[in-house]
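Data from coords.txt: compact mmCIF, C-alpha atoms
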```
# COMPACT_ATOMS: atom_id res chain seq x y z
CA MET A 1 0.00 0.00 0.00
CA GLU A 2 1.38 3.31 -1.09
CA ARG A 3 1.81 6.14 1.56
CA HIS A 4 -0.13 9.29 0.95
CA PRO A 5 2.17 12.30 0.43
CA ASP A 6 0.52 14.24 3.28
CA GLU A 7 0.68 11.32 5.71
CA PRO A 8 3.39 11.88 8.38
CA THR A 9 6.24 9.41 8.64
CA ALA A 10 7.32 7.69 11.81
CA ALA A 11 10.30 10.01 12.02
CA ASP A 12 8.02 13.04 11.79
CA GLU A 13 5.78 11.68 14.47
CA GLN A 14 8.75 11.02 16.72
CA ALA A 15 10.09 14.53 16.16
CA GLU A 16 6.69 16.02 16.92
CA LEU A 17 6.45 13.94 20.08
CA GLU A 18 9.89 15.07 21.23
CA ALA A 19 8.97 18.70 20.56
CA LEU A 20 5.77 18.27 22.56
CA ARG A 21 7.68 16.77 25.48
CA ALA A 22 10.21 19.59 25.37
CA ARG A 23 7.40 22.10 25.40
CA VAL A 24 5.80 20.44 28.42
CA GLU A 25 9.12 20.42 30.27
CA GLN A 26 9.60 24.09 29.42
CA LEU A 27 6.19 24.99 30.79
CA GLU A 28 6.83 22.98 33.93
CA THR A 29 10.15 24.71 34.55
CA ARG A 30 8.59 28.14 33.97
CA GLY A 31 6.15 27.69 36.84
CA PRO A 32 8.51 28.81 39.62
CA ALA A 33 9.84 31.59 37.39
CA HIS A 34 6.36 33.06 37.15
CA SER A 35 6.17 33.22 40.93
CA ARG A 36 9.32 35.34 41.16
CA PRO A 37 7.88 38.41 39.40
CA ARG A 38 4.80 38.12 41.58
CA LEU A 39 6.96 37.99 44.70
CA ARG A 40 9.00 40.97 43.52
CA SER A 41 5.83 42.91 42.74
CA PHE A 42 4.41 42.11 46.18
CA PHE A 43 7.47 43.43 48.01
CA ALA A 44 7.71 46.42 45.68
CA VAL A 45 4.12 47.39 46.48
CA LEU A 46 4.78 46.81 50.17
CA LEU A 47 7.85 49.09 50.18
CA ILE A 48 5.99 51.82 48.30
CA LEU A 49 3.12 51.66 50.80
CA VAL A 50 5.59 51.87 53.69
CA ALA A 51 7.17 54.94 52.07
CA ALA A 52 3.74 56.55 51.72
CA VAL A 53 2.98 55.91 55.40
CA LEU A 54 6.38 57.24 56.50
CA THR A 55 6.07 60.43 54.43
CA PRO A 56 3.91 62.37 56.95
CA LEU A 57 6.16 61.22 59.80
CA SER A 58 9.22 62.32 57.82
CA ILE A 59 7.81 65.81 57.38
CA LEU A 60 6.92 65.96 61.08
CA SER A 61 10.38 64.73 62.12
CA SER A 62 12.04 67.36 59.97
CA TRP A 63 9.86 70.03 61.57
CA ALA A 64 10.52 68.71 65.08
CA SER A 65 14.26 68.68 64.52
CA ASP A 66 14.15 72.15 63.00
CA VAL A 67 12.13 73.69 65.86
CA ALA A 68 14.10 71.96 68.61
CA GLY A 69 17.56 72.21 67.13
CA ASP A 70 17.86 75.67 65.59
CA THR A 71 17.28 78.70 67.82
CA ASP A 72 17.81 81.21 65.01
CA ARG A 73 15.22 79.50 62.83
CA TYR A 74 12.75 79.39 65.71
CA VAL A 75 13.25 83.12 66.38
CA ASP A 76 12.86 83.89 62.67
CA THR A 77 9.68 81.81 62.64
CA MET A 78 8.14 83.61 65.60
CA GLU A 79 9.35 87.11 64.67
CA PRO A 80 6.45 87.99 62.31
CA LEU A 81 4.00 87.54 65.19
CA ALA A 82 5.29 90.79 66.72
CA SER A 83 3.63 92.71 63.89
CA ASP A 84 0.54 90.54 63.65
CA PRO A 85 -2.54 92.70 64.51
CA ASP A 86 -4.32 89.88 66.35
CA VAL A 87 -1.28 89.10 68.53
CA GLN A 88 -0.72 92.81 69.18
CA ALA A 89 -4.34 93.23 70.25
CA ALA A 90 -4.21 90.19 72.53
CA VAL A 91 -0.95 91.34 74.18
CA THR A 92 -2.31 94.87 74.57
CA ASN A 93 -5.49 93.70 76.26
CA ARG A 94 -3.63 91.27 78.50
CA VAL A 95 -1.01 93.78 79.65
CA THR A 96 -3.59 96.53 80.16
CA ALA A 97 -5.77 94.28 82.32
CA VAL A 98 -2.83 93.17 84.47
CA VAL A 99 -1.48 96.70 84.93
CA MET A 100 -4.92 98.01 85.94
CA THR A 101 -5.31 95.30 88.58
CA HIS A 102 -2.13 96.65 90.25
CA LEU A 103 -3.01 100.30 89.81
CA ASN A 104 -5.17 101.64 92.70
CA ILE A 105 -6.15 104.96 91.21
CA ASP A 106 -7.61 106.64 94.29
CA ALA A 107 -4.78 105.62 96.63
CA LEU A 108 -2.02 106.40 94.16
CA LEU A 109 -3.39 109.83 93.19
CA ALA A 110 -3.73 110.74 96.83
CA ASP A 111 0.00 110.22 97.29
CA VAL A 112 1.01 112.29 94.27
CA ALA A 113 3.19 115.25 95.22
CA PRO A 114 1.64 118.70 94.65
CA ALA A 115 4.37 119.54 92.17
CA ASP A 116 3.51 116.49 90.05
CA ARG A 117 -0.27 116.90 90.23
CA PRO A 118 -0.57 119.38 87.31
CA VAL A 119 1.30 116.98 85.03
CA VAL A 120 -0.98 114.11 86.02
CA ASP A 121 -4.12 116.25 85.65
CA LYS A 122 -2.96 117.35 82.22
CA ALA A 123 -2.35 113.73 81.17
CA LEU A 124 -5.73 112.55 82.47
CA GLY A 125 -7.83 115.67 81.94
CA LYS A 126 -8.95 114.81 78.42
CA LEU A 127 -9.99 111.29 79.27
CA GLY A 128 -13.27 112.16 80.98
CA ASP A 129 -15.17 110.40 83.78
CA PRO A 130 -15.16 108.07 85.45
CA LEU A 131 -11.50 108.43 86.30
CA THR A 132 -10.83 104.70 86.32
CA ALA A 133 -12.16 104.38 82.78
CA GLY A 134 -10.01 107.31 81.72
CA VAL A 135 -6.89 105.80 83.25
CA THR A 136 -7.72 102.46 81.62
CA ASP A 137 -7.95 104.13 78.23
CA PHE A 138 -4.70 105.98 78.93
CA VAL A 139 -2.89 102.77 79.89
CA HIS A 140 -4.41 100.90 76.95
CA GLY A 141 -3.24 103.57 74.53
CA THR A 142 0.25 103.54 76.00
CA VAL A 143 0.47 99.77 75.78
CA GLU A 144 -0.85 99.82 72.24
CA ARG A 145 1.73 102.38 71.14
CA PHE A 146 4.51 100.27 72.58
CA VAL A 147 3.22 96.97 71.19
CA THR A 148 2.97 98.45 67.68
CA SER A 149 6.46 99.96 67.83
CA ASP A 150 9.81 98.61 66.70
CA ALA A 151 10.85 98.38 70.35
CA PHE A 152 8.27 95.64 70.93
CA GLU A 153 9.59 93.66 67.97
CA ARG A 154 13.06 93.69 69.54
CA VAL A 155 11.66 92.66 72.94
CA TRP A 156 9.59 89.94 71.30
CA SER A 157 12.59 88.53 69.41
CA ASN A 158 14.79 88.56 72.51
CA LEU A 159 12.04 86.95 74.55
CA ASN A 160 11.59 84.17 72.02
CA ARG A 161 15.34 83.63 71.76
CA GLN A 162 15.53 83.18 75.53
CA ALA A 163 12.39 81.07 75.48
CA HIS A 164 13.48 78.64 72.78
CA ALA A 165 14.87 76.16 75.28
CA SER A 166 11.58 76.24 77.17
CA VAL A 167 9.57 75.56 74.05
CA VAL A 168 11.72 72.48 73.63
CA LYS A 169 11.02 71.63 77.29
CA ALA A 170 7.30 72.01 76.71
CA LEU A 171 7.41 69.62 73.77
CA THR A 172 10.14 67.19 74.84
CA GLY A 173 10.41 67.58 78.62
CA GLU A 174 13.98 68.94 78.45
CA GLY A 175 15.33 72.46 78.95
CA GLY A 176 14.02 75.56 80.74
CA GLY A 177 13.44 79.31 80.36
CA ALA A 178 10.77 81.96 80.07
CA VAL A 179 8.20 79.65 78.57
CA LYS A 180 6.30 77.57 81.10
CA LEU A 181 4.28 74.41 80.74
CA SER A 182 1.38 74.46 83.15
CA GLY A 183 -0.75 71.37 82.70
CA ASP A 184 -1.34 71.28 78.97
CA THR A 185 -0.79 75.01 78.35
CA VAL A 186 2.40 76.60 77.03
CA THR A 187 2.61 80.23 78.24
CA LEU A 188 5.01 83.10 77.67
CA ASP A 189 5.90 85.44 80.56
CA LEU A 190 5.21 89.06 79.51
CA ALA A 191 7.12 90.61 82.44
CA PRO A 192 9.65 92.36 80.12
CA VAL A 193 6.80 93.90 78.15
CA ILE A 194 5.07 95.14 81.31
CA ASP A 195 8.34 96.64 82.55
CA ARG A 196 8.76 98.64 79.33
CA VAL A 197 5.11 99.77 79.51
CA LYS A 198 5.66 101.03 83.05
CA GLN A 199 8.54 103.14 81.77
CA ARG A 200 6.35 104.52 78.98
CA LEU A 201 3.59 105.42 81.46
CA VAL A 202 6.05 107.31 83.62
CA GLU A 203 7.48 109.11 80.59
CA ARG A 204 3.96 110.17 79.59
CA GLY A 205 3.35 111.78 82.99
CA LEU A 206 1.76 108.99 85.00
CA LYS A 207 4.58 108.81 87.54
CA VAL A 208 2.42 106.79 89.91
CA ALA A 209 3.16 103.86 87.60
CA GLU A 210 6.60 103.70 89.23
CA ARG A 211 4.89 102.15 92.26
CA ILE A 212 3.57 99.20 90.28
CA PRO A 213 5.49 96.14 91.48
CA GLU A 214 7.19 93.66 89.20
CA ILE A 215 4.42 91.75 87.44
CA HIS A 216 4.64 88.33 85.86
CA THR A 217 1.76 87.42 83.62
CA ASP A 218 1.25 84.71 81.06
CA PHE A 219 0.47 84.94 77.36
CA THR A 220 -0.81 81.62 76.01
CA LEU A 221 1.15 80.25 73.08
CA LEU A 222 -0.38 76.79 72.95
CA THR A 223 -3.06 75.02 74.91
CA SER A 224 -4.34 71.55 74.22
CA ASP A 225 -5.10 68.31 76.01
CA SER A 226 -2.63 66.60 73.69
CA VAL A 227 0.42 68.76 74.48
CA GLY A 228 1.53 66.62 77.39
CA LYS A 229 0.69 63.39 75.58
CA ALA A 230 2.68 64.45 72.50
CA LYS A 231 5.98 64.77 74.39
CA LYS A 232 7.23 61.24 73.78
CA GLY A 233 6.18 61.25 70.14
CA PHE A 234 7.75 64.65 69.54
CA ARG A 235 10.96 63.56 71.23
CA ALA A 236 11.14 60.46 69.04
CA LEU A 237 10.56 62.51 65.89
CA GLU A 238 13.19 65.01 67.00
CA LEU A 239 15.77 62.24 67.42
CA LEU A 240 14.93 60.75 64.03
CA GLY A 241 15.22 64.21 62.48
CA PHE A 242 17.14 64.08 59.21
CA TRP A 243 17.37 60.28 59.03
CA LEU A 244 13.69 59.42 58.75
CA PRO A 245 13.21 61.37 55.47
CA VAL A 246 16.36 59.71 54.10
CA PHE A 247 15.09 56.28 55.14
CA THR A 248 11.72 57.00 53.53
CA LEU A 249 13.43 57.96 50.28
CA VAL A 250 15.54 54.79 50.37
CA VAL A 251 12.44 52.65 50.97
CA ALA A 252 10.63 54.27 48.04
CA ALA A 253 13.68 53.80 45.79
CA GLY A 254 13.91 50.17 46.88
CA GLY A 255 10.29 49.60 45.91
CA VAL A 256 10.92 51.09 42.46
CA LEU A 257 14.11 49.09 41.84
CA LEU A 258 12.49 45.86 42.99
CA ALA A 259 9.46 46.26 40.73
CA VAL A 260 9.19 44.43 37.43
CA ARG A 261 7.88 47.52 35.65
CA ARG A 262 10.04 50.20 37.17
CA ARG A 263 8.64 53.18 35.30
CA ARG A 264 5.13 52.35 36.43
CA ALA A 265 6.44 51.76 39.94
CA LEU A 266 8.17 55.16 39.89
CA VAL A 267 4.90 56.86 38.95
CA THR A 268 3.08 54.95 41.69
CA ALA A 269 5.72 55.68 44.34
CA ALA A 270 5.84 59.40 43.52
CA LEU A 271 2.06 59.71 43.66
CA ALA A 272 1.87 57.63 46.85
CA VAL A 273 4.37 59.90 48.59
CA ALA A 274 2.48 62.97 47.36
CA VAL A 275 -0.79 61.52 48.68
CA GLY A 276 0.84 60.81 52.06
CA ALA A 277 1.95 64.43 52.32
CA ALA A 278 -1.47 65.67 51.21
CA LEU A 279 -3.15 63.60 53.92
CA LEU A 280 -0.90 65.27 56.49
CA GLY A 281 -2.05 68.63 55.11
CA LEU A 282 -5.69 67.61 55.52
CA GLY A 283 -4.97 66.45 59.07
CA LEU A 284 -3.28 69.77 59.83
CA TRP A 285 -6.27 71.68 58.48
CA ALA A 286 -8.72 69.61 60.53
CA GLY A 287 -6.48 69.80 63.61
CA ARG A 288 -6.37 73.58 63.38
CA ALA A 289 -10.15 73.85 63.39
CA PHE A 290 -10.47 71.40 66.28
CA TYR A 291 -7.73 73.19 68.24
CA LEU A 292 -9.32 76.63 67.91
CA ASP A 293 -12.75 75.30 68.85
CA SER A 294 -11.38 73.75 72.04
CA LEU A 295 -9.68 76.91 73.34
CA PRO A 296 -10.78 78.33 76.72
CA PRO A 297 -12.93 81.49 76.58
CA ASP A 298 -10.13 83.69 78.00
CA VAL A 299 -7.75 82.87 75.11
CA SER A 300 -7.93 85.09 72.03
CA GLN A 301 -8.88 82.87 69.11
CA PRO A 302 -7.44 85.19 66.42
CA ALA A 303 -4.11 85.38 68.27
CA ALA A 304 -4.09 81.62 68.84
CA ALA A 305 -4.78 81.08 65.15
CA ALA A 306 -1.86 83.35 64.25
CA VAL A 307 0.49 81.43 66.57
CA PHE A 308 -0.72 78.07 65.21
CA ASP A 309 -0.32 79.17 61.60
CA THR A 310 3.17 80.49 62.30
CA LEU A 311 4.35 77.30 64.00
CA ALA A 312 2.72 75.22 61.27
CA GLY A 313 4.17 77.31 58.45
CA TYR A 314 7.24 75.05 58.15
CA LEU A 315 4.98 71.99 58.01
CA ARG A 316 2.84 73.52 55.28
CA ALA A 317 5.94 74.43 53.27
CA GLY A 318 7.21 70.86 53.61
CA ILE A 319 3.85 69.46 52.53
CA ARG A 320 3.74 71.71 49.46
CA LEU A 321 7.30 70.72 48.60
CA VAL A 322 6.72 66.97 48.84
CA VAL A 323 3.43 67.11 46.92
CA THR A 324 5.00 69.20 44.17
CA VAL A 325 8.08 67.00 43.83
CA GLY A 326 5.94 63.85 43.83
CA VAL A 327 3.65 65.15 41.09
CA VAL A 328 6.59 66.41 38.98
CA VAL A 329 8.47 63.11 39.21
CA ALA A 330 5.32 61.10 38.46
CA LEU A 331 4.49 63.30 35.47
CA ALA A 332 8.05 63.10 34.13
CA ALA A 333 8.13 59.31 34.47
CA TRP A 334 4.71 58.98 32.83
CA LEU A 335 5.54 61.25 29.89
CA THR A 336 8.77 59.37 29.14
CA GLY A 337 6.90 56.06 29.04
CA ARG A 338 5.42 54.19 26.09
CA GLY A 339 1.76 54.45 27.00
CA ARG A 340 -0.69 55.57 24.32
CA ALA A 341 -1.84 58.67 26.21
CA ALA A 342 1.72 59.63 27.14
CA ARG A 343 2.87 59.25 23.54
CA ARG A 344 -0.05 61.36 22.38
CA VAL A 345 0.85 64.15 24.80
CA THR A 346 4.53 64.06 23.88
CA ALA A 347 3.59 64.01 20.19
CA MET A 348 1.49 67.15 20.68
CA TRP A 349 4.36 68.79 22.57
CA SER A 350 6.96 67.82 19.97
CA GLY A 351 4.68 68.61 17.06
CA GLY A 352 3.81 72.07 18.37
CA ILE A 353 7.40 73.08 19.03
CA GLY A 354 8.54 71.43 15.78
CA ALA A 355 5.98 73.47 13.86
CA VAL A 356 7.37 76.67 15.41
CA ARG A 357 10.93 75.59 14.52
CA ASP A 358 9.95 74.78 10.93
CA ALA A 359 8.01 78.02 10.55
CA ALA A 360 11.06 79.94 11.74
CA GLY A 361 13.26 78.06 9.30
CA VAL A 362 15.69 77.00 12.02
CA THR A 363 17.91 73.98 11.41
CA GLY A 364 19.72 72.34 14.27
CA GLY A 365 22.94 71.41 12.50
CA PRO A 366 25.57 69.62 14.63
CA VAL A 367 24.02 70.98 17.82
CA GLY A 368 20.60 69.70 16.83
CA ARG A 369 21.97 66.26 16.03
CA TRP A 370 23.77 66.12 19.40
CA VAL A 371 20.64 67.25 21.25
CA HIS A 372 18.65 64.61 19.37
CA ARG A 373 21.01 61.88 20.56
CA ALA A 374 21.12 63.16 24.16
CA ARG A 375 17.50 64.24 24.35
CA ARG A 376 16.34 61.84 27.06
CA PRO A 377 19.31 62.45 29.44
CA LEU A 378 18.91 66.20 28.92
CA ASN A 379 15.22 66.11 29.77
CA TRP A 380 15.84 64.07 32.92
CA THR A 381 18.66 66.43 33.90
CA VAL A 382 16.26 69.38 33.69
CA VAL A 383 13.76 67.55 35.91
CA VAL A 384 16.43 66.55 38.44
CA VAL A 385 17.86 70.07 38.60
CA ALA A 386 14.39 71.58 39.09
CA VAL A 387 13.64 69.14 41.91
CA ALA A 388 17.06 69.82 43.49
CA VAL A 389 16.47 73.60 43.41
CA LEU A 390 13.04 73.11 44.97
CA LEU A 391 14.50 70.91 47.70
CA ALA A 392 17.36 73.32 48.40
CA TRP A 393 15.06 76.36 48.57
CA ASP A 394 14.39 77.46 52.14
CA ARG A 395 10.62 77.21 52.66
CA PRO A 396 9.49 77.64 49.05
CA THR A 397 6.19 79.43 48.66
CA GLY A 398 3.56 78.55 46.10
CA LEU A 399 4.81 81.35 43.84
CA VAL A 400 8.39 80.06 44.04
CA THR A 401 7.19 76.57 43.13
CA VAL A 402 5.28 77.88 40.12
CA TRP A 403 8.30 79.86 38.90
CA ILE A 404 10.60 76.85 39.21
CA ALA A 405 8.09 74.75 37.24
CA LEU A 406 7.79 77.42 34.53
CA CYS A 407 11.58 77.70 34.23
CA ALA A 408 11.86 73.92 33.90
CA LEU A 409 9.17 73.87 31.19
CA PHE A 410 10.98 76.66 29.32
CA VAL A 411 14.28 74.75 29.35
CA LEU A 412 12.49 71.57 28.21
CA ALA A 413 10.96 73.58 25.38
CA VAL A 414 14.41 74.86 24.39
CA VAL A 415 15.73 71.28 24.34
CA GLU A 416 12.81 70.24 22.14
CA PHE A 417 13.34 73.26 19.87
CA LEU A 418 17.02 72.40 19.35
CA ASP A 419 16.27 68.71 18.79
CA ASP A 420 16.75 68.24 15.04
CA ASP A 421 18.14 65.08 13.44
CA SER A 422 18.53 66.87 10.09
CA THR A 423 15.83 64.81 8.37
CA PRO A 424 14.10 66.61 5.50
CA HIS A 425 11.13 68.76 6.49
CA LEU A 426 8.20 69.69 4.34
CA VAL A 427 8.38 73.36 3.51
CA ALA A 428 5.25 75.21 2.52
CA THR A 429 5.64 77.02 -0.84
CA GLY A 430 4.12 80.32 -1.49
```
Since I need it in another form, could you write the structure as structure tokens?
Amino acid sequence: MERHPDEPTAADEQAELEALRARVEQLETRGPAHSRPRLRSFFAVLLILVAAVLTPLSILSSWASDVAGDTDRYVDTMEPLASDPDVQAAVTNRVTAVVMTHLNIDALLADVAPADRPVVDKALGKLGDPLTAGVTDFVHGTVERFVTSDAFERVWSNLNRQAHASVVKALTGEGGGAVKLSGDTVTLDLAPVIDRVKQRLVERGLKVAERIPEIHTDFTLLTSDSVGKAKKGFRALELLGFWLPVFTLVVAAGGVLLAVRRRRALVTAALAVAVGAALLGLGLWAGRAFYLDSLPPDVSQPAAAAVFDTLAGYLRAGIRLVVTVGVVVALAAWLTGRGRAARRVTAMWSGGIGAVRDAAGVTGGPVGRWVHRARRPLNWTVVVVAVAVLLAWDRPTGLVTVWIALCALFVLAVVEFLDDDSTPHLVATG
């Protein structure tokens, strides 16, 4: 019987069988290999999540180390409060009330020497009756003039410089000074301010103010049930200081390097860190509202809000910085990827700038060819430099961040404009 031409031979069948066995063996050996990428992806995701959780703590540790470790920075932080209208009003009212409690008008005026009485009458004559109300207005005006003067700013700065160690004591339990921690309230002793006000009162003709004894009174900086409870946590964050942000960055980088798709992991890690910082910002906003609502009635809410905002200013700057850097890095990683949407955006960017270059009749020449070859490293260099400038900037504001971003976009546009591989371009004829 003759074999049909299409009928396989025994050798063909044997070869096919061997190929099938080899294929089965290959699939069996690939089983464990498939589990390795899954394991890598699991640990990459885990490290990125840990970095996101550590981001708020890193910002807090940097703030804690900065407040506790740098007296000059603390003084610079608190200095603007001397010219804050709400703080000035609260200090004025507090000092006026304390001075008036130690100023017995009837008894003190009875002891005024006849030679000094005309000066006192002249000082008080325009204030009207009752006399106590007139003296109160006189004292209040004197205090207000001093509190709104440059002299008060100098006293305030010196007081905060001396008090820095006590702020640390209030938050960590170590140190001492003019700031006191009574229960859960951090107070500032205004005795130097009262002493200068007494001098001003005497200079303005109210010599009876010389008899006012030395007065120590408190101006509330912070008050909260959680101040005492936060000591241990604050101390731990202060000790971690610089190292916790570095550790967080290393953990995030480890998650990216361990991932199978590193570009996608970089986008995820950058956005996760940005989200962690944003959550801290939301917590700070909610904490501020809760803090102000829980203040005692005798504490000025506007002044307390000014103090809170000043102390939290460094935190807010850090949050803005981390969110901005995270978004920039994620956007840069996404745009340099091969996704359809990313390629469409980059095509629009390149096409728009290329159209401007062609319309201007500019050819790159040797420079354009070099830029074309080094385009990707140049673009990443621009991003890295922009991020480095933002990180090195001392408390960048929103405007500073916008300007840095605009400068980076301009340089990227210049790189794109110079990118020309000397291929022929269509030229419109007139």
* Find the residue from A:Val385, A:Leu249, A:Leu390, A:Val91 that sits nearest to Ser58 (chain A); use only C-alpha atoms when measuring. =>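 Of the candidates, the smallest distance to Ser58 (chain A) is held by A:Leu249.
In this model, the gap between CA of Pro85 (chain A) and CA of Leu321 (chain A) comes to 28.9 Å.
Considering the residues A:Ala386, A:Ala274, A:Ala259, A:Val139 and counting all atoms listed in the file, Leu201 (chain A) has its shortest atom-to-atom contact with A:Val139.
Restricting the calculation to only C-alpha atoms, the smallest distance between Gly283 (chain A) and any of A:Leu315, A:Leu159, A:Leu331, A:Val356 is found for A:Leu315.
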* Extract, using only C-alpha atoms, all DNA, RNA and protein residues at most 12 Å from region 401-406 of chain A, discarding same-chain residues fewer than 6 positions from it, and format them as a PyMOL selection string. => chain A and resi 317-318+320-325+327-329+382-395+412-413
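Residues of protein, DNA and RNA with at least one atom no farther than 12 Å from (6.2, 62.2, 26.6) are, using all atoms listed in the file, A:Ala330, A:Leu331, A:Ala332, A:Ala333, A:Trp334, A:Leu335, A:Thr336, A:Gly337, A:Arg338, A:Gly339, A:Arg340, A:Ala341, A:Ala342, A:Arg343, A:Arg344, A:Val345, A:Thr346, A:Ala347, A:Met348, A:Trp349, A:Ser350, A:Gly351, A:Arg375, A:Arg376, A:Asn379, A:Trp380, A:Leu412, A:Glu416.
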Mind giving me the axis-aligned box for region 335-346 of chain A with 3 Å on every side, centre plus edges in Å to one decimal, as JSON?
```
{"center_x": 3.5, "center_y": 59.2, "center_z": 26.1, "size_x": 16.6, "size_y": 16.0, "size_z": 13.5}
```
* By how many Å are CA of Asp84 (chain A) and CA of Leu284 (chain A) apart? -> 21.5 Å
* Could you tell me which of A:Leu282, A:Ala408, A:Val147, A:Ala359 comes closest to Val193 (chain A) if we count only C-alpha atoms? => A:Val147
* Residue among A:Phe43, A:Thr381, A:Asp195, A:Ile319 lying closest to Ala278 (chain A), counting all atoms listed in the file ->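 Distance minimum relative to Ala278 (chain A) lands on A:Ile319.
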* **Interatomic distance (Å, one decimal) between CA of Leu258 (chain A) and CA of Leu54 (chain A)** =>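 Between CA of Leu258 (chain A) and CA of Leu54 (chain A) the gap is 18.7 Å.
Counting only C-alpha atoms, the residue from A:Ala374, A:Tyr314, A:Leu47, A:Leu103 that sits nearest to Arg73 (chain A) is A:Tyr314.
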* To do: Would you mind listing what lies within 10 Å of Val155 (chain A) as a ChimeraX atom specification, with all atoms listed in the file counted and same-chain residues fewer than 3 positions away left out?
  => /A:82,147,150-152,158-161,190,192-193,196
* Asked: Leaving out Leu266 (chain A) and any residue of its chain fewer than 2 positions from it, which residues lie within 9 Å of it when counting only C-alpha atoms, given as a ChimeraX atom specification?
  -> /A:252-253,255-257,261-264,268-271,329-330,333-334
